[in-house]
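For reference, upload25.cif is printed below; it contains mmCIF, C-alpha atoms.
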data_start
#
loop_
_atom_site.label_atom_id
_atom_site.label_comp_id
_atom_site.auth_asym_id
_atom_site.auth_seq_id
_atom_site.Cartn_x
_atom_site.Cartn_y
_atom_site.Cartn_z
CA MET Z 1 67.92 224.36 20.81
CA PHE Z 2 70.24 222.27 18.63
CA ARG Z 3 70.33 218.58 19.60
CA LEU Z 4 72.75 215.90 18.43
CA SER Z 5 71.50 212.53 17.31
CA PRO Z 6 72.59 209.59 19.52
CA ARG Z 7 75.09 208.42 16.92
CA ALA Z 8 76.58 211.89 16.54
CA ALA Z 9 76.77 212.25 20.31
CA VAL Z 10 78.75 209.00 20.61
CA LEU Z 11 81.11 210.06 17.84
CA ALA Z 12 81.64 213.44 19.48
CA ALA Z 13 82.38 211.76 22.81
CA VAL Z 14 84.94 209.49 21.17
CA LEU Z 15 86.64 212.42 19.44
CA ILE Z 16 86.80 214.35 22.70
CA THR Z 17 88.01 211.53 24.96
CA THR Z 18 90.48 209.84 22.60
CA PRO Z 19 93.22 212.50 22.91
CA ALA Z 20 92.80 212.54 26.67
CA VAL Z 21 93.01 208.75 26.97
CA SER Z 22 95.96 208.60 24.59
CA GLY Z 23 97.70 211.24 26.66
CA CYS Z 24 97.38 208.97 29.70
CA GLY Z 25 99.57 206.35 28.00
CA ILE Z 26 97.00 203.75 27.00
CA ASN Z 27 99.01 203.04 23.82
CA ALA Z 28 102.45 203.22 25.46
CA ILE Z 29 102.63 199.58 26.55
CA PRO Z 30 101.87 197.92 23.18
CA THR Z 31 104.05 200.50 21.41
CA LYS Z 32 107.05 199.79 23.64
CA GLU Z 33 106.43 196.05 23.49
CA GLU Z 34 106.56 196.09 19.69
CA ALA Z 35 109.74 198.20 19.81
CA ALA Z 36 111.39 195.61 22.09
CA LYS Z 37 110.31 192.77 19.78
CA ALA Z 38 111.85 194.61 16.84
CA ARG Z 39 115.15 194.92 18.70
CA TRP Z 40 114.93 191.21 19.55
CA ALA Z 41 114.61 190.43 15.85
CA ASP Z 42 117.84 192.37 15.28
CA VAL Z 43 119.60 190.22 17.90
CA GLN Z 44 118.39 187.01 16.27
CA SER Z 45 119.47 188.26 12.85
CA GLN Z 46 123.03 188.85 14.03
CA TYR Z 47 123.22 185.50 15.81
CA GLN Z 48 122.03 183.82 12.60
CA ARG Z 49 124.67 185.67 10.62
CA ARG Z 50 127.32 184.34 12.98
CA ALA Z 51 125.99 180.79 12.71
CA ASP Z 52 126.15 181.06 8.92
CA LEU Z 53 129.83 182.07 9.07
CA VAL Z 54 130.91 179.17 11.28
CA PRO Z 55 130.85 176.31 8.70
CA ASN Z 56 133.15 178.18 6.30
CA LEU Z 57 135.44 179.18 9.15
CA VAL Z 58 135.71 175.59 10.38
CA ALA Z 59 136.30 174.28 6.86
CA THR Z 60 139.10 176.79 6.31
CA VAL Z 61 140.82 175.89 9.58
CA GLN Z 62 140.46 172.17 8.83
CA GLY Z 63 142.10 172.76 5.48
CA ALA Z 64 145.20 174.02 7.26
CA ALA Z 65 145.56 170.59 8.91
CA ILE Z 66 146.13 171.91 12.40
CA GLN Z 67 146.74 169.27 15.05
CA GLU Z 68 144.35 170.57 17.70
CA ARG Z 69 140.97 169.08 16.74
CA THR Z 70 139.17 169.38 20.07
CA THR Z 71 138.51 173.09 19.63
CA LEU Z 72 137.07 172.59 16.16
CA THR Z 73 134.76 169.91 17.51
CA GLN Z 74 133.67 172.24 20.31
CA VAL Z 75 132.81 174.97 17.79
CA VAL Z 76 130.76 172.62 15.64
CA GLU Z 77 128.91 171.19 18.63
CA ALA Z 78 128.30 174.63 20.16
CA ARG Z 79 126.87 175.89 16.87
CA ALA Z 80 124.56 172.88 16.70
CA ARG Z 81 123.27 173.58 20.21
CA ALA Z 82 122.85 177.30 19.55
CA THR Z 83 120.84 176.76 16.39
CA SER Z 84 118.71 174.00 17.90
CA VAL Z 85 117.26 176.10 20.72
CA GLN Z 86 113.66 176.83 19.79
CA VAL Z 87 112.77 180.52 20.03
CA THR Z 88 109.13 181.60 20.22
CA PRO Z 89 107.43 184.89 21.16
CA GLU Z 90 106.97 183.42 24.64
CA THR Z 91 110.75 183.09 25.03
CA LEU Z 92 111.02 186.80 25.84
CA THR Z 93 108.84 186.48 28.93
CA ASP Z 94 110.03 183.01 30.03
CA PRO Z 95 113.17 183.28 32.22
CA GLN Z 96 114.15 179.61 31.80
CA ALA Z 97 113.71 179.58 28.01
CA PHE Z 98 115.56 182.87 27.66
CA GLN Z 99 118.45 181.62 29.80
CA ARG Z 100 118.74 178.47 27.68
CA TYR Z 101 118.96 180.59 24.54
CA GLN Z 102 121.53 182.95 26.05
CA ALA Z 103 123.60 180.07 27.45
CA ALA Z 104 123.69 178.29 24.07
CA GLN Z 105 124.83 181.45 22.29
CA GLY Z 106 127.38 182.07 25.05
CA GLU Z 107 128.88 178.61 24.56
CA LEU Z 108 129.36 179.33 20.87
CA SER Z 109 131.00 182.67 21.68
CA GLN Z 110 133.46 180.95 24.00
CA ALA Z 111 134.21 178.15 21.52
CA LEU Z 112 134.90 180.66 18.74
CA SER Z 113 137.18 182.66 21.03
CA ARG Z 114 139.19 179.53 21.83
CA LEU Z 115 139.44 178.69 18.14
CA LEU Z 116 140.78 182.11 17.22
CA MET Z 117 143.33 181.84 20.04
CA VAL Z 118 144.50 178.44 18.76
CA VAL Z 119 144.99 179.52 15.15
CA GLU Z 120 147.33 182.30 16.25
CA ASN Z 121 149.97 179.55 16.47
CA TYR Z 122 149.58 178.70 12.77
CA PRO Z 123 151.33 181.20 10.47
CA GLN Z 124 149.85 179.57 7.37
CA LEU Z 125 146.39 180.51 8.58
CA GLN Z 126 147.43 184.05 9.43
CA SER Z 127 148.46 184.50 5.79
CA ASN Z 128 145.38 182.74 4.36
CA GLN Z 129 143.24 185.45 2.74
CA ASN Z 130 140.07 183.39 3.01
CA PHE Z 131 140.61 182.88 6.73
CA LEU Z 132 141.45 186.53 7.29
CA ALA Z 133 138.24 187.58 5.51
CA LEU Z 134 136.16 185.17 7.60
CA GLN Z 135 137.87 186.29 10.79
CA SER Z 136 137.12 189.92 9.94
CA GLN Z 137 133.47 189.12 9.21
CA LEU Z 138 133.19 187.18 12.45
CA GLU Z 139 134.69 190.00 14.50
CA GLY Z 140 132.36 192.48 12.82
CA THR Z 141 129.38 190.26 13.58
CA GLU Z 142 130.38 189.95 17.23
CA ASN Z 143 130.42 193.75 17.42
CA ARG Z 144 126.97 193.94 15.82
CA ILE Z 145 125.70 191.33 18.28
CA ALA Z 146 126.91 193.47 21.17
CA VAL Z 147 125.17 196.55 19.75
CA ALA Z 148 121.95 194.63 19.01
CA ARG Z 149 121.87 193.21 22.54
CA ARG Z 150 122.45 196.64 24.03
CA ASP Z 151 119.62 198.15 21.97
CA TYR Z 152 117.33 195.26 22.91
CA ASN Z 153 118.10 195.67 26.61
CA GLU Z 154 117.34 199.39 26.42
CA ALA Z 155 114.00 198.76 24.68
CA VAL Z 156 113.09 196.09 27.24
CA ARG Z 157 114.07 198.37 30.12
CA ASP Z 158 111.76 201.05 28.73
CA TYR Z 159 108.92 198.55 28.25
CA ASN Z 160 109.33 196.90 31.66
CA THR Z 161 109.39 200.30 33.33
CA SER Z 162 106.09 201.21 31.71
CA LEU Z 163 104.48 198.17 33.36
CA ARG Z 164 105.36 199.52 36.82
CA THR Z 165 105.10 203.29 36.61
CA PHE Z 166 102.18 205.72 36.60
CA PRO Z 167 100.09 206.26 34.53
CA THR Z 168 100.87 203.23 32.33
CA VAL Z 169 100.68 200.86 35.30
CA ILE Z 170 96.91 201.52 35.27
CA TRP Z 171 96.62 200.09 31.76
CA ALA Z 172 99.04 197.26 32.62
CA ASN Z 173 96.58 196.11 35.28
CA THR Z 174 93.46 196.63 33.18
CA ILE Z 175 93.32 196.85 29.39
CA HIS Z 176 96.82 195.40 28.89
CA GLY Z 177 96.58 193.00 31.81
CA GLY Z 178 98.19 190.19 29.82
CA SER Z 179 101.45 192.09 29.31
CA GLU Z 180 104.42 190.51 31.08
CA PRO Z 181 107.96 191.79 31.70
CA MET Z 182 110.55 190.76 29.12
CA GLN Z 183 113.90 189.21 29.92
CA LEU Z 184 117.20 191.09 29.69
CA PHE Z 185 120.49 189.81 28.34
CA THR Z 186 123.02 189.49 31.14
CA ALA Z 187 126.66 188.47 31.29
CA THR Z 188 126.98 184.69 31.54
CA GLU Z 189 129.30 183.05 34.06
CA ALA Z 190 131.58 181.91 31.25
CA ALA Z 191 131.92 185.51 30.04
CA GLN Z 192 133.45 186.53 33.37
CA SER Z 193 136.77 184.89 32.48
CA ALA Z 194 138.84 184.57 29.34
CA PRO Z 195 138.47 181.31 27.41
CA GLY Z 196 141.17 178.81 28.27
CA VAL Z 197 143.18 176.95 25.67
CA ASN Z 198 145.66 174.14 26.29
CA PHE Z 199 148.43 175.10 23.89
CA ASP Z 200 150.41 172.02 24.92
CA ALA Z 201 147.97 170.07 22.76
CA LEU Z 202 149.46 171.80 19.74
CA ASN Z 203 152.85 170.18 20.42
CA PRO Z 204 152.14 167.04 22.47
CA ALA Z 205 155.01 165.48 24.41
CA THR Z 206 156.34 162.18 23.24
CA PRO Z 207 155.79 159.05 25.38
CA GLY Z 208 158.07 158.65 28.36
CA GLY Z 209 158.17 162.33 29.28
CA ALA Z 210 160.34 163.45 26.35
CA PRO Z 211 160.14 167.15 25.56
CA ALA Z 212 157.52 168.42 23.17
CA SER Z 213 158.23 168.50 19.47
CA PRO Z 214 159.57 171.82 18.17
CA ALA Z 215 157.05 174.24 16.71
CA ALA Z 216 156.70 174.44 12.98
CA ALA Z 217 158.73 177.09 11.20
CA PRO Z 218 156.75 180.01 9.79
CA GLY Z 219 155.01 179.09 6.58
CA SER Z 220 155.61 175.35 6.98
CA ALA Z 221 153.18 172.59 7.86
CA PRO Z 222 152.86 171.80 11.57
CA PRO Z 223 154.67 168.68 12.87
CA ALA Z 224 152.77 165.44 12.56
CA ALA Z 225 150.89 164.15 15.58
CA PRO Z 226 152.49 161.14 17.31
CA ALA Z 227 151.19 157.74 16.29
CA GLN Z 228 148.60 156.23 18.61
#
How would this structure read if it were set down as structure tokens?
Amino acid sequence: MFRLSPRAAVLAAVLITTPAVSGCGINAIPTKEEAAKARWADVQSQYQRRADLVPNLVATVQGAAIQERTTLTQVVEARARATSVQVTPETLTDPQAFQRYQAAQGELSQALSRLLMVVENYPQLQSNQNFLALQSQLEGTENRIAVARRDYNEAVRDYNTSLRTFPTVIWANTIHGGSEPMQLFTATEAAQSAPGVNFDALNPATPGGAPASPAAAPGSAPPAAPAQ
């Protein structure tokens, strides 16, 4: 009778059981986790692209000498906060860290929205080719951010589901016991309402309750701010 050596018997057992074990989803959790991390990298890439556009956008708007400086300051400060939030692999499974990151990026989104609303009152910017190009790039980046976040959320949903459903829940509680659910992007409170802009600041009233200065004619420089 033909007999296998111990080593051959072990190898044969591995070859026989591997397809069966793989079919039970033992590799599903790490595979889906890596897919979610890849989608997260796409989100970060688009946020970085937006952050890189902001300095040129701010410089272009400053060059137009618009009166309303508060919004520009808000954009610069929001960008600084967004880029200062430290992101690590643990961020994806830490609700507080993830919320800080999302909140910082949300603040920059709101500040940029206010800025674009303000510059609508400045015809010289609307005809500035450099500004128009930057505005187009920014709008395109915002669209890519939305797509990247959607794809990330879908990958995370798939991964999180595998941690709770049979048969992968078996591996989640044994071999992959260290796997934790990842966080999803959600709509921030600020995103529930349109950004507000005080357009009166563009044409401040004179002391004593006098009416606001007339708006600048198309193509001309805006009226000078009142002396302090």
Find, counting all atoms listed in the file, the residue in Z:Val58, Z:Val156, Z:Leu112, Z:Val85 that gets nearest to Z:Leu184.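 Under the stated criterion, the closest residue is Z:Val156.
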Report the residues retrieved by the PyMOL selection byres ((chain Z and resi 138) around 9) from the displayed file, expressed as a PDB file with C-alpha atoms, keeping the file's coordinate frame.
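Ended up saving to selection-v9.pdb:
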ATOM      1  CA  ARG Z  49     124.670 185.670  10.620  1.00  0.00           C
ATOM      2  CA  ARG Z  50     127.320 184.340  12.980  1.00  0.00           C
ATOM      3  CA  LEU Z  53     129.830 182.070   9.070  1.00  0.00           C
ATOM      4  CA  VAL Z  54     130.910 179.170  11.280  1.00  0.00           C
ATOM      5  CA  LEU Z  57     135.440 179.180   9.150  1.00  0.00           C
ATOM      6  CA  ALA Z 133     138.240 187.580   5.510  1.00  0.00           C
ATOM      7  CA  LEU Z 134     136.160 185.170   7.600  1.00  0.00           C
ATOM      8  CA  GLN Z 135     137.870 186.290  10.790  1.00  0.00           C
ATOM      9  CA  SER Z 136     137.120 189.920   9.940  1.00  0.00           C
ATOM     10  CA  GLN Z 137     133.470 189.120   9.210  1.00  0.00           C
ATOM     11  CA  GLU Z 139     134.690 190.000  14.500  1.00  0.00           C
ATOM     12  CA  GLY Z 140     132.360 192.480  12.820  1.00  0.00           C
ATOM     13  CA  THR Z 141     129.380 190.260  13.580  1.00  0.00           C
ATOM     14  CA  GLU Z 142     130.380 189.950  17.230  1.00  0.00           C
ATOM     15  CA  ASN Z 143     130.420 193.750  17.420  1.00  0.00           C
TER      16      ASN Z 143
END
What's the separation between atom CA of Z:Val61 and atom CA of Z:Gln44, in Å to one decimal place?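 Spanning atom CA of Z:Val61 to atom CA of Z:Gln44 is a straight-line distance of 25.9 Å.
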Which is closest to Z:Ala41 among Z:Thr88, Z:Ser162, Z:Thr188, Z:Gln96, if we use all atoms listed in the file?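 Selected residue with least distance to Z:Ala41: Z:Thr88.
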Fewer than 5 positions away in the same chain doesn't count, so skip those; otherwise give me all residues within 12 Å of Z:Thr73, counting all atoms listed in the file, as a PDB file with C-alpha atoms, in the frame of the given file.
ATOM      1  CA  VAL Z  54     130.910 179.170  11.280  1.00  0.00           C
ATOM      2  CA  PRO Z  55     130.850 176.310   8.700  1.00  0.00           C
ATOM      3  CA  VAL Z  58     135.710 175.590  10.380  1.00  0.00           C
ATOM      4  CA  ALA Z  59     136.300 174.280   6.860  1.00  0.00           C
ATOM      5  CA  VAL Z  61     140.820 175.890   9.580  1.00  0.00           C
ATOM      6  CA  GLN Z  62     140.460 172.170   8.830  1.00  0.00           C
ATOM      7  CA  GLU Z  68     144.350 170.570  17.700  1.00  0.00           C
ATOM      8  CA  ALA Z  78     128.300 174.630  20.160  1.00  0.00           C
ATOM      9  CA  ARG Z  79     126.870 175.890  16.870  1.00  0.00           C
ATOM     10  CA  ALA Z  80     124.560 172.880  16.700  1.00  0.00           C
ATOM     11  CA  LEU Z 108     129.360 179.330  20.870  1.00  0.00           C
ATOM     12  CA  ALA Z 111     134.210 178.150  21.520  1.00  0.00           C
ATOM     13  CA  LEU Z 112     134.900 180.660  18.740  1.00  0.00           C
ATOM     14  CA  ARG Z 114     139.190 179.530  21.830  1.00  0.00           C
ATOM     15  CA  LEU Z 115     139.440 178.690  18.140  1.00  0.00           C
TER      16      LEU Z 115
END
For each of Z:Tyr122, Z:Phe185, Z:Trp171, Z:Phe131, take the minimum atom-to-atom distance to Z:Ala155, counting all atoms listed in the file, then give the residue where this is smallest.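 For Z:Ala155, the nearest of the candidates is Z:Phe185.
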Could you tell me which of Z:Ala148, Z:Thr91, Z:Arg164, Z:Asn121 comes closest to Z:Ala64 if we count all atoms listed in the file?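 For Z:Ala64, the nearest of the given residues is Z:Asn121.
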Step by step, work through what the PyMOL selection byres ((chain Z and resi 92) around 10) selects in the shown file, and finish by giving those residues as a PyMOL selection string. chain Z and resi 36-37+40+87-91+93-99+156+180-184
As JSON, what would the box around stretch 140-158 of chain Z look like: edges along x, y and z, 5 Å added on every side, centre and edge lengths in Å to one decimal?
{"center_x": 122.1, "center_y": 195.5, "center_z": 21.5, "size_x": 30.6, "size_y": 21.1, "size_z": 27.3}
Tell me, in Å to one decimal, how far atom CA of Z:Leu163 is from atom CA of Z:Glu34.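 Interatomic distance, atom CA of Z:Leu163 to atom CA of Z:Glu34: 14.0 Å.
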Atom CA of Z:Thr83 and atom CA of Z:Ala104, how far apart in Å?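 Answer for the atom CA of Z:Ala104 to atom CA of Z:Thr83 separation: 8.3 Å.
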Distance criterion (only C-alpha atoms): nearest to Z:Ala103 out of Z:Ala172, Z:Ala82, Z:Leu116, Z:Leu125: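 When distances to Z:Ala103 are compared using only C-alpha atoms, the smallest one comes from Z:Ala82.
Minimum atom-to-atom distance to Z:Val119, evaluated using only C-alpha atoms, belongs to Z:Thr71 out of Z:Pro167, Z:Thr71, Z:Thr174, Z:Ser179.
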From the block you just saw, export stretch 164-187 of chain Z: N, CA and C atoms, as a short mmCIF file (atom, residue, chain, number, x, y, z; two decimals), in the first residue's frame.
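Contents of the output file selection_31.cif:
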data_model
loop_
_atom_site.label_atom_id
_atom_site.label_comp_id
_atom_site.auth_asym_id
_atom_site.auth_seq_id
_atom_site.Cartn_x
_atom_site.Cartn_y
_atom_site.Cartn_z
N ARG Z 164 -19.32 41.82 10.75
CA ARG Z 164 -20.53 41.49 11.51
C ARG Z 164 -21.38 40.38 10.89
N THR Z 165 -21.02 39.94 9.70
CA THR Z 165 -21.85 38.95 9.02
C THR Z 165 -21.12 37.63 8.85
N PHE Z 166 -21.91 36.56 8.77
CA PHE Z 166 -21.38 35.21 8.60
C PHE Z 166 -21.00 35.00 7.11
N PRO Z 167 -19.89 34.32 6.82
CA PRO Z 167 -18.99 33.61 7.76
C PRO Z 167 -17.81 34.45 8.22
N THR Z 168 -17.65 35.68 7.67
CA THR Z 168 -16.46 36.47 8.00
C THR Z 168 -16.42 36.91 9.45
N VAL Z 169 -17.58 36.96 10.12
CA VAL Z 169 -17.58 37.33 11.53
C VAL Z 169 -16.78 36.32 12.36
N ILE Z 170 -16.70 35.07 11.89
CA ILE Z 170 -15.91 34.05 12.59
C ILE Z 170 -14.45 34.47 12.62
N TRP Z 171 -13.93 34.90 11.46
CA TRP Z 171 -12.53 35.30 11.38
C TRP Z 171 -12.31 36.64 12.11
N ALA Z 172 -13.33 37.50 12.11
CA ALA Z 172 -13.21 38.78 12.81
C ALA Z 172 -13.03 38.58 14.31
N ASN Z 173 -13.55 37.48 14.83
CA ASN Z 173 -13.45 37.20 16.26
C ASN Z 173 -12.34 36.22 16.59
N THR Z 174 -11.59 35.79 15.57
CA THR Z 174 -10.50 34.84 15.82
C THR Z 174 -9.21 35.33 15.17
N ILE Z 175 -8.95 34.88 13.95
CA ILE Z 175 -7.69 35.21 13.29
C ILE Z 175 -7.51 36.71 13.10
N HIS Z 176 -8.57 37.42 12.72
CA HIS Z 176 -8.49 38.87 12.51
C HIS Z 176 -9.15 39.61 13.67
N GLY Z 177 -8.91 39.13 14.87
CA GLY Z 177 -9.54 39.71 16.05
C GLY Z 177 -9.17 41.16 16.31
N GLY Z 178 -8.07 41.64 15.74
CA GLY Z 178 -7.67 43.03 15.96
C GLY Z 178 -8.33 44.01 15.01
N SER Z 179 -9.11 43.52 14.07
CA SER Z 179 -9.76 44.40 13.08
C SER Z 179 -10.89 45.19 13.75
N GLU Z 180 -10.91 46.50 13.48
CA GLU Z 180 -11.93 47.36 14.06
C GLU Z 180 -12.70 48.08 12.96
N PRO Z 181 -13.96 48.43 13.22
CA PRO Z 181 -14.75 49.15 12.21
C PRO Z 181 -14.10 50.49 11.88
N MET Z 182 -14.21 50.90 10.62
CA MET Z 182 -13.70 52.19 10.19
C MET Z 182 -14.81 53.22 10.22
N GLN Z 183 -14.41 54.48 10.27
CA GLN Z 183 -15.35 55.58 10.36
C GLN Z 183 -15.83 56.02 8.98
N LEU Z 184 -17.07 56.46 8.91
CA LEU Z 184 -17.67 56.95 7.67
C LEU Z 184 -17.70 58.47 7.65
N PHE Z 185 -17.56 59.05 6.47
CA PHE Z 185 -17.80 60.48 6.32
C PHE Z 185 -19.29 60.73 6.43
N THR Z 186 -19.65 61.75 7.18
CA THR Z 186 -21.04 62.15 7.32
C THR Z 186 -21.16 63.64 7.05
N ALA Z 187 -22.36 64.11 6.84
CA ALA Z 187 -22.57 65.54 6.62
C ALA Z 187 -22.37 66.28 7.95
#
